[in-house]
Number of protein chains: 2
Amino acid sequence: MDIKHYMQQLGQDARAASRQMAKADTTIKDQALRTIAATLRREKDALLAANRQDVEAAKAKDMDAAMLDRLTLTEKSVAAMAEGLEQIASLPDPVGEISNLKYRPTGIQVGRMCVPLGVIGIIYEARPNVTIDAAGLCLKSGNATILRGGSEAIHCNRALVALVHDGLQKVGLPKAAVQVVETVNRAAVGELITMKEYVDVIVPRGGKGLIERISNEARIPVIRHLIGNCHVYVDDEADLAKALRIVENAKTQRLGTCNTAESLVIARAVAKDMLPPIANMLIAKGVEIRGCAETQALVPQARAATEEDYYAEYLAAIISCKVVADLDDAIAHINKYSSQHTEAIVTENYTHARHFLREVDSSSVMVNASTRFADGFEYGLGAEIGISTDKFHARGPVGLEGLTSLKYVVLGDGQVRG
Amino acid sequence: MDIKHYMQQLGQDARAASRQMAKADTTIKDQALRTIAATLRREKDALLAANRQDVEAAKAKDMDAAMLDRLTLTEKSVAAMAEGLEQIASLPDPVGEISNLKYRPTGIQVGRMCVPLGVIGIIYEARPNVTIDAAGLCLKSGNATILRGGSEAIHCNRALVALVHDGLQKVGLPKAAVQVVETVNRAAVGELITMKEYVDVIVPRGGKGLIERISNEARIPVIRHLIGNCHVYVDDEADLAKALRIVENAKTQRLGTCNTAESLVIARAVAKDMLPPIANMLIAKGVEIRGCAETQALVPQARAATEEDYYAEYLAAIISCKVVADLDDAIAHINKYSSQHTEAIVTENYTHARHFLREVDSSSVMVNASTRFADGFEYGLGAEIGISTDKFHARGPVGLEGLTSLKYVVLGDGQVRG
């Protein structure tokens, strides 16, 4: 069967399943999630065996250590997948909720009902946990999903989707609600991101290259998670203890996450007093500082920052640093260089906090809190399918609500328009 | 100056202006709207003169009557434009509103702030009223806008944008918040819909051809308003008087609007009793009926409907008609053929109404009300920039809220992630 025909068939089946999923009762969906979680725990050994096949093959092909780590399942990670599904089952079901149902002067009542987006295509690397995570979120939000994971995880993904199908069938939901692209042919992705009739949104999860390629070629809306060049701005009315604590956490708690701070911005009025202790703390933790001339004057160990440094998402023990004149200058710097992911101000000044919150154009804007909090779990969404750095549709961590839309409902007693 | 450079300059200026607009106070924005309205009334004669230039030129080029009608301004339409701006001024300002600000277990507070999308590109035909309408909505929602109206209205659009600039400057807002593409070169549209760095969303307003071309070529999200193939379903528990009133209004109140019904669906159990009186009412009003075999058996005047008829948006005195087995059959028929704009059920049955509302996948779903109500004003949005038949971002009538997004705000006291 040619790849186009194969993908179209997946799409048709997904579209049909999405109609069933959209009207499925909450209890049924939650039962499916809990059944899959239980089967995951019970079938753990078979799953780990399938995963070992993938891992051996990947090792033979010299996959790099970080990717291998993400590919490898352990008893612990299987348990975490099962728990994740149970958490999703315990979240409130957004689907069908009607909000703002108000009477209009004509006597009709107008409100908005939360509905699933329909069919969600998810493209990701060889990370088996994403298979379960994404399937769970799409299932709970009443969507059908077509999963295209990295081909290196194909054995494990097949085993996982078999468990998911088993759970769906046990509660009477259609198997096609969760489908895995079974071919490793790369043309499958090209089809998936252009089948407008069958796919409503694409969620790519992976590196910047993957996401840019997909958003350039897609003919379907994409929930994009580009880079996280997050800033911490230490204001001229910052509390030094808070600044130290927040910069330390934002930069060093984990180096490789998208909500890690990559740039420190500091007001000139306090740079002399606050930059040296902050810089020393970072240097003591092994962080390299790349700064402007003023930074270098205050921090002898700092290297000179280039223009590229201010745009960089290092995901490493490096931070860029910029001394700015004042709040407006800080906001302008951030709005120019940031990737619109997450920015924080450290300040005791009420008016500065207010302006920073309003004027910084990023998906999360914080006052006196670490950028590391930008996360679906920390925000109380219960789970996230990604963090959107776009403005259209979803912005910031995307949970169940981000996988839904609102349609208008109108209730009348025979009203007509005059 | 080449067209690419010209458009990039508009884009850069719009981006800079959007930062100013995003933080502008409500009072200032409302003053600008009211000032522009007052100037419109005062400069009415000059405006009508500019419009006459366009109309004369269009007549010389044999523009068709309907287009000429939309191009032509009158004293009354200028007054309506001014009133429209004053209405927008009186709407609540969505920008900056923070919702759901809740404490999390870590002590941080997390909420969502409504923010403008940024820069909105609007592409439309030679309809000068859209220039003012779109400028007003974008201004109030804190966005900058680049307007590309039909070249046949260029003189009038220039005059209008001069008034808008005058109003913006009087209150200290940047002129570049509202820009008109001054060239008639069609390559300008190609630039506008691909300048990702400078434009955040495209709103095409016009015929299906224009909208499809733009959504196929755009590299920026598009708020699409495709066709309105709206259905009225007369259920087996319909009240005949309501069915007659609703079908009459939905089909015949105005033939050429997107929320006009184009298809009648009726349950077999009541077709014999209800279809003849409904069909006679329509025929008496000059509407041609194109139906299935069962329709033709009950309505001798009905022509046979083709598959294309069921997909058609006639915008004319024609309606397609289909007799279905039951509610599920009706929902399946509608979900297959509709353009996901607006569908209505006529029923007295509570359970049927509930299922129809949940399962029909359209931007507006109605019970016992005319599809003609699907409109921003009727829904209480105050104004609309269009009706989205997509699910992503905005669905149904798009008012000020559809031109905004939500960012997360996090308030802390120095919290860091553990």
# chains A, B, ... in the order shown; residues from 1 in each chain; ligands from 1
>>> select_by_dssp(residues="stretch 207-308 of chain B", states="helix (DSSP H, G or I)", output="short mmCIF file (atom, residue, chain, number, x, y, z; two decimals) with C-alpha atoms, in the first residue's frame")
data_model
loop_
_atom_site.label_atom_id
_atom_site.label_comp_id
_atom_site.auth_asym_id
_atom_site.auth_seq_id
_atom_site.Cartn_x
_atom_site.Cartn_y
_atom_site.Cartn_z
CA LYS B 208 -14.52 31.82 -0.97
CA GLY B 209 -11.87 32.07 -3.69
CA LEU B 210 -10.01 34.89 -1.93
CA ILE B 211 -10.10 33.12 1.42
CA GLU B 212 -8.94 29.77 0.08
CA ARG B 213 -6.10 31.34 -1.87
CA ILE B 214 -4.95 33.26 1.16
CA SER B 215 -5.14 30.34 3.54
CA ASN B 216 -3.21 28.15 1.13
CA GLU B 217 -0.43 30.67 0.69
CA LEU B 240 -45.01 22.68 13.16
CA ALA B 241 -45.70 26.36 13.84
CA LYS B 242 -42.13 26.88 15.07
CA ALA B 243 -40.74 24.88 12.15
CA LEU B 244 -42.64 27.03 9.64
CA ARG B 245 -41.54 30.26 11.30
CA ILE B 246 -37.89 29.22 11.67
CA VAL B 247 -37.48 27.76 8.18
CA GLU B 248 -39.13 30.83 6.67
CA ASN B 249 -36.87 33.22 8.56
CA ALA B 250 -33.69 31.16 8.15
CA LYS B 251 -34.18 30.78 4.39
CA THR B 252 -36.01 33.86 3.23
CA ARG B 268 -39.26 10.65 8.14
CA ALA B 269 -41.90 10.28 10.87
CA VAL B 270 -43.19 13.82 10.31
CA ALA B 271 -42.23 14.39 6.70
CA LYS B 272 -45.67 13.45 5.40
CA ASP B 273 -47.41 15.95 7.69
CA MET B 274 -44.87 18.74 7.89
CA LEU B 275 -42.91 18.80 4.65
CA PRO B 276 -45.84 19.78 2.38
CA PRO B 277 -46.84 22.88 4.41
CA ILE B 278 -43.18 23.93 4.84
CA ALA B 279 -42.51 23.39 1.13
CA ASN B 280 -45.65 25.30 0.14
CA MET B 281 -44.62 28.21 2.31
CA LEU B 282 -41.17 28.26 0.66
CA ILE B 283 -42.59 27.87 -2.87
CA ALA B 284 -45.02 30.71 -2.21
CA ALA B 293 -36.65 10.92 -3.74
CA GLU B 294 -38.77 11.03 -0.60
CA THR B 295 -38.94 14.81 -0.80
CA GLN B 296 -40.04 14.59 -4.43
CA ALA B 297 -42.75 12.06 -3.52
CA LEU B 298 -44.22 14.54 -1.01
CA GLU B 307 -24.70 15.35 -4.24
CA GLU B 308 -23.41 18.86 -5.06
#
>>> closest_atom_pairs(of="chain B", to="chain A", cutoff="8 Å", atoms="only C-alpha atoms", output="JSON lines")
{"residue": "B:Arg19", "atom": "CA", "partner": "A:Glu359", "partner_atom": "CA", "distance": 7.7}
{"residue": "B:Ala22", "atom": "CA", "partner": "A:Glu359", "partner_atom": "CA", "distance": 7.3}
{"residue": "B:Lys23", "atom": "CA", "partner": "A:Glu359", "partner_atom": "CA", "distance": 6.4}
{"residue": "B:Gly96", "atom": "CA", "partner": "A:Arg358", "partner_atom": "CA", "distance": 6.8}
{"residue": "B:Arg104", "atom": "CA", "partner": "A:Gly380", "partner_atom": "CA", "distance": 7.2}
{"residue": "B:Ile108", "atom": "CA", "partner": "A:Ala369", "partner_atom": "CA", "distance": 7.4}
{"residue": "B:Val110", "atom": "CA", "partner": "A:Tyr379", "partner_atom": "CA", "distance": 6.3}
{"residue": "B:Leu117", "atom": "CA", "partner": "A:Lys391", "partner_atom": "CA", "distance": 6.4}
{"residue": "B:Asp200", "atom": "CA", "partner": "A:Lys391", "partner_atom": "CA", "distance": 8.0}
{"residue": "B:Val201", "atom": "CA", "partner": "A:Phe392", "partner_atom": "CA", "distance": 7.9}
{"residue": "B:Asn216", "atom": "CA", "partner": "A:Arg219", "partner_atom": "CA", "distance": 7.4}
{"residue": "B:Arg219", "atom": "CA", "partner": "A:Asn216", "partner_atom": "CA", "distance": 7.4}
{"residue": "B:Pro221", "atom": "CA", "partner": "A:Phe392", "partner_atom": "CA", "distance": 7.3}
{"residue": "B:Lys242", "atom": "CA", "partner": "A:Gly414", "partner_atom": "CA", "distance": 5.1}
{"residue": "B:Ala243", "atom": "CA", "partner": "A:Gly414", "partner_atom": "CA", "distance": 7.8}
{"residue": "B:Arg245", "atom": "CA", "partner": "A:Val416", "partner_atom": "CA", "distance": 7.1}
{"residue": "B:Ile246", "atom": "CA", "partner": "A:Val416", "partner_atom": "CA", "distance": 6.0}
{"residue": "B:Asn249", "atom": "CA", "partner": "A:Val416", "partner_atom": "CA", "distance": 6.0}
{"residue": "B:Ala250", "atom": "CA", "partner": "A:Val416", "partner_atom": "CA", "distance": 7.7}
{"residue": "B:Gln253", "atom": "CA", "partner": "A:Arg417", "partner_atom": "CA", "distance": 8.0}
{"residue": "B:Val346", "atom": "CA", "partner": "A:Gly414", "partner_atom": "CA", "distance": 8.0}
{"residue": "B:Leu357", "atom": "CA", "partner": "A:Val409", "partner_atom": "CA", "distance": 6.9}
{"residue": "B:Arg358", "atom": "CA", "partner": "A:Gly96", "partner_atom": "CA", "distance": 6.8}
{"residue": "B:Glu359", "atom": "CA", "partner": "A:Lys23", "partner_atom": "CA", "distance": 6.4}
{"residue": "B:Ser362", "atom": "CA", "partner": "A:Lys407", "partner_atom": "CA", "distance": 7.0}
{"residue": "B:Ser363", "atom": "CA", "partner": "A:Lys407", "partner_atom": "CA", "distance": 4.8}
{"residue": "B:Ser364", "atom": "CA", "partner": "A:Tyr408", "partner_atom": "CA", "distance": 4.5}
{"residue": "B:Val365", "atom": "CA", "partner": "A:Val409", "partner_atom": "CA", "distance": 5.0}
{"residue": "B:Met366", "atom": "CA", "partner": "A:Val410", "partner_atom": "CA", "distance": 4.5}
{"residue": "B:Val367", "atom": "CA", "partner": "A:Leu411", "partner_atom": "CA", "distance": 5.0}
{"residue": "B:Asn368", "atom": "CA", "partner": "A:Gly414", "partner_atom": "CA", "distance": 4.6}
{"residue": "B:Ala369", "atom": "CA", "partner": "A:Gln415", "partner_atom": "CA", "distance": 4.9}
{"residue": "B:Ser370", "atom": "CA", "partner": "A:Val416", "partner_atom": "CA", "distance": 5.0}
{"residue": "B:Arg372", "atom": "CA", "partner": "A:Arg417", "partner_atom": "CA", "distance": 6.3}
{"residue": "B:Phe373", "atom": "CA", "partner": "A:Arg417", "partner_atom": "CA", "distance": 6.3}
{"residue": "B:Glu378", "atom": "CA", "partner": "A:Arg104", "partner_atom": "CA", "distance": 7.5}
{"residue": "B:Tyr379", "atom": "CA", "partner": "A:Val110", "partner_atom": "CA", "distance": 6.3}
{"residue": "B:Gly380", "atom": "CA", "partner": "A:Arg104", "partner_atom": "CA", "distance": 7.2}
{"residue": "B:Lys391", "atom": "CA", "partner": "A:Ser405", "partner_atom": "CA", "distance": 5.9}
{"residue": "B:Phe392", "atom": "CA", "partner": "A:His393", "partner_atom": "CA", "distance": 5.9}
{"residue": "B:His393", "atom": "CA", "partner": "A:His393", "partner_atom": "CA", "distance": 3.7}
{"residue": "B:Ala394", "atom": "CA", "partner": "A:His393", "partner_atom": "CA", "distance": 7.3}
{"residue": "B:Arg395", "atom": "CA", "partner": "A:Lys407", "partner_atom": "CA", "distance": 6.0}
{"residue": "B:Gly396", "atom": "CA", "partner": "A:Tyr408", "partner_atom": "CA", "distance": 6.7}
{"residue": "B:Ser405", "atom": "CA", "partner": "A:Lys391", "partner_atom": "CA", "distance": 5.9}
{"residue": "B:Leu406", "atom": "CA", "partner": "A:Arg395", "partner_atom": "CA", "distance": 6.5}
{"residue": "B:Lys407", "atom": "CA", "partner": "A:Ser363", "partner_atom": "CA", "distance": 4.8}
{"residue": "B:Tyr408", "atom": "CA", "partner": "A:Ser364", "partner_atom": "CA", "distance": 4.5}
{"residue": "B:Val409", "atom": "CA", "partner": "A:Val365", "partner_atom": "CA", "distance": 5.0}
{"residue": "B:Val410", "atom": "CA", "partner": "A:Met366", "partner_atom": "CA", "distance": 4.5}
{"residue": "B:Leu411", "atom": "CA", "partner": "A:Val367", "partner_atom": "CA", "distance": 5.0}
{"residue": "B:Gly412", "atom": "CA", "partner": "A:Asn368", "partner_atom": "CA", "distance": 4.9}
{"residue": "B:Asp413", "atom": "CA", "partner": "A:Asn368", "partner_atom": "CA", "distance": 5.4}
{"residue": "B:Gly414", "atom": "CA", "partner": "A:Asn368", "partner_atom": "CA", "distance": 4.6}
{"residue": "B:Gln415", "atom": "CA", "partner": "A:Ala369", "partner_atom": "CA", "distance": 4.9}
{"residue": "B:Val416", "atom": "CA", "partner": "A:Ser370", "partner_atom": "CA", "distance": 5.0}
{"residue": "B:Arg417", "atom": "CA", "partner": "A:Arg372", "partner_atom": "CA", "distance": 6.3}
>>> closest_residue(among="A:His5, A:Arg303, A:Arg52, A:Lys322", to="A:Glu262", atoms="only C-alpha atoms")
A:Lys322
>>> atom_distance(atom1="atom CA of A:Glu43", atom2="atom CA of A:Ala159")
9.5 Å
>>> atom_distance(atom1="atom CA of B:Gly190", atom2="atom CA of B:Leu10")
13.8 Å
>>> residues_around(residues="B:Ala89", least_positions_apart="6", cutoff="8 Å", atoms="only C-alpha atoms", output="list in words")
Lys29, Asp30, Gln31, Leu33, Arg34 and Lys140 of chain B
>>> select_by_dssp(residues="stretch 202-373 of chain A", states="strand (DSSP E or B)", output="ChimeraX atom specification")
/A:202-205,222,230-234,261-267,288-291,303-304,318-324,342-346,364-369
>>> residues_around(residues="A:Lys44", least_positions_apart="5", cutoff="10 Å", atoms="only C-alpha atoms", output="count of residues only")
9
